[in-house]
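A.B. asks: Have a look at the structure that comes next, please.
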Amino acid sequence: MPSFHARPLQNPPTDSPRSDLPAGLWVKCKDCEQMVFQNILEEALFVCPHCDYHHPVAARQRIAMLCDKNSFQEHDADLVSVDALNFADDGSYARKIKETMTKTGLRDAVVCGNATLNSLPFALGVMDFRFFGASMGSVVGEKLTRLIEWATAARYPVVIVTASGGARMQEGTLSLMQMAKTSGALMRHDEAGLPFFAILTNPTTGGVTASFASLGDVILAEPKALIGFAGPRVIKQTTNAELPKDFQTSEYLVKHGFIDRITHRHKLRAELAALLTVFSTNR
């Protein structure tokens, strides 16, 4: 694992215009708005050294954090979404899919495969918010279902790292069907006596929360992650009630029993290794 804060933190001169800063050298924290060296942020696993804010992590970066080096073997990498409903009747959805694929280097919003951690095998799915807000379309549901079914046959634990805005509206009912499909696959996995660990990151909302994200034998969450079904603004308007200050955060949900533990990103690898060790012994 990388050493954190290997160099003393430095901030750019306060009198330097923003336009004078070399592109990609500094990152402005989305929470405390402090400037941080890009390479220091990467060494700290994209956790702000000033305020501990957990920045979003791309799927490939997350895989590297949670797996033994070079152990990840991807499944179903060639599956891509199609505009089955001819959404908006102008081809805009198909065009946006191609544009997002080019921009992110991903085929869709989840990367699935099998890997090891401390030489313990498991199946891993990681969602990437950069791809349509990691909305759960047909490909996301299909890849996760195939991963779970593969893990059931291989008798591997399943780990899914979530980050999603919910259903993919461009796929309508086809998107909503993925909730039942993934949940059914996890039920069969559970009936086979095999564990599923859910790792919830910011944000995890909508149909993902209402399906597989809430079905883990152990549910972990990163600090201050937004987790819920509908957004707090919608809930407040619907109920006409004042919501708690920390409503729908991982801190609120661990108090009310929805998640089992909040785990800092720096400790997540060790936490997952411990879970795999305990459950593999039980197997």
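Just remember, in the structure tokens the first chain shown is A, the second B, etc., residues are 1-based per chain, and ligands are 1-based in the order shown.
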Which residues are close to A:Ala134, i.e. within 6 Å by only C-alpha atoms, leaving aside same-chain residues fewer than 3 positions away? Reply as number ranges by chain.
C.D. replies: A: 109, 128-129, 131, 164
A.B. asks: Could you write out that same residue set with C-alpha atoms as a CSV table (one decimal), in the first residue's frame?
C.D. replies:
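Output file again17.csv follows:
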```
chain,number,residue,atom,x,y,z
A,109,ALA,CA,-21.1,1.7,-15.8
A,128,ASP,CA,-18.1,3.9,-12.0
A,129,PHE,CA,-20.1,7.1,-11.6
A,131,PHE,CA,-20.6,6.5,-17.0
A,164,SER,CA,-25.1,5.1,-8.6
```
A.B. asks: Mind checking which residues fall within 10 Å of stretch 102-106 of chain A, counting only C-alpha atoms, ignoring those fewer than 5 positions away in the same chain, and posting them as a ChimeraX atom specification?
C.D. replies: /A:58-60,77-78,80,96-97,111,128,130-131
A.B. asks: Please report the interatomic distance between atom CA of A:Gln170 and atom CA of A:Thr182 in Å with one decimal.
C.D. replies: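 Answer for the atom CA of A:Gln170 to atom CA of A:Thr182 separation: 19.3 Å.
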A.B. asks: Report as a list in words all protein, DNA and RNA residues lying within 9 Å of stretch 267-269 of chain A, evaluated on only C-alpha atoms, omitting residues in the same chain fewer than 2 positions from it.
C.D. replies: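 Returned residues: Met65, Leu66, Cys67, Leu117, Leu220, Glu222, Thr263, His264, Arg265, Glu271, Leu272, Ala273 and Ala274 of chain A.
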A.B. asks: Counting only C-alpha atoms, what is within 9 Å of A:Val208, bar same-chain residues fewer than 6 positions away, as a JSON list (two decimals) with N, CA and C atoms, in the first residue's frame?
C.D. replies:
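Printed below is result39.json as written:
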```json
[["chain", "number", "residue", "atom", "x", "y", "z"],
["A", 135, "SER", "N", -25.80, 4.73, -13.67],
["A", 135, "SER", "CA", -27.19, 4.29, -13.66],
["A", 135, "SER", "C", -27.28, 2.83, -14.09],
["A", 136, "MET", "N", -28.25, 2.12, -13.51],
["A", 136, "MET", "CA", -28.35, 0.68, -13.73],
["A", 136, "MET", "C", -29.23, 0.39, -14.95],
["A", 162, "THR", "N", -20.61, -0.09, -4.87],
["A", 162, "THR", "CA", -21.69, 0.66, -5.52],
["A", 162, "THR", "C", -21.39, 2.15, -5.56],
["A", 163, "ALA", "N", -21.93, 2.78, -6.61],
["A", 163, "ALA", "CA", -21.95, 4.24, -6.74],
["A", 163, "ALA", "C", -22.90, 4.50, -7.88],
["A", 164, "SER", "N", -24.09, 5.01, -7.58],
["A", 164, "SER", "CA", -25.10, 5.07, -8.64],
["A", 164, "SER", "C", -26.14, 6.15, -8.38],
["A", 165, "GLY", "N", -26.62, 6.73, -9.48],
["A", 165, "GLY", "CA", -27.73, 7.67, -9.40],
["A", 165, "GLY", "C", -29.07, 7.00, -9.54],
["A", 166, "GLY", "N", -29.10, 5.67, -9.73],
["A", 166, "GLY", "CA", -30.37, 4.96, -9.82],
["A", 166, "GLY", "C", -30.58, 4.28, -11.16],
["A", 167, "ALA", "N", -31.82, 4.23, -11.59],
["A", 167, "ALA", "CA", -32.17, 3.58, -12.85],
["A", 167, "ALA", "C", -31.74, 4.44, -14.04],
["A", 179, "MET", "N", -33.41, -4.69, -11.19],
["A", 179, "MET", "CA", -33.50, -4.80, -9.73],
["A", 179, "MET", "C", -33.88, -6.22, -9.33],
["A", 214, "SER", "N", -28.60, -3.30, -0.79],
["A", 214, "SER", "CA", -29.11, -3.48, 0.57],
["A", 214, "SER", "C", -29.20, -4.95, 0.97],
["A", 229, "PHE", "N", -32.88, 6.12, -1.41],
["A", 229, "PHE", "CA", -33.66, 5.83, -2.62],
["A", 229, "PHE", "C", -33.91, 7.13, -3.38]]
```
A.B. asks: Write out as a PyMOL selection string all residues of stretch 210-268 of chain A that DSSP puts in alpha helix (DSSP H) for this structure's backbone.
C.D. replies: chain A and resi 232-239+250-255+265-268
A.B. asks: Find, counting only C-alpha atoms, the residue in A:Gly193, A:Gly172, A:Gly228, A:Pro244 that gets nearest to A:Ala153.
C.D. replies: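 Of A:Gly193, A:Gly172, A:Gly228, A:Pro244, the one nearest A:Ala153 is A:Gly193, counting only C-alpha atoms.
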A.B. asks: Could you produce a table of the residues of stretch 102-158 of chain A lying within 7 Å of stretch 69-74 of chain A, with the nearest pair of atoms per residue and their separation in Å rounded to one decimal, using only C-alpha atoms, ordered by chain and increasing residue number, as a Markdown table?
C.D. replies:
```
| residue | atom | partner | partner_atom | distance |
| --- | --- | --- | --- | --- |
| A:Cys112 | CA | A:Glu74 | CA | 5.7 |
| A:Gly113 | CA | A:Glu74 | CA | 4.1 |
| A:Asn114 | CA | A:Gln73 | CA | 5.4 |
| A:Ala115 | CA | A:Phe72 | CA | 4.3 |
| A:Thr116 | CA | A:Ser71 | CA | 5.9 |
```
A.B. asks: Grab the atom CA of A:Glu33 to atom CA of A:His54 distance for me, in Å with one decimal place.
C.D. replies: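 Between atom CA of A:Glu33 and atom CA of A:His54 the gap works out to 13.1 Å.
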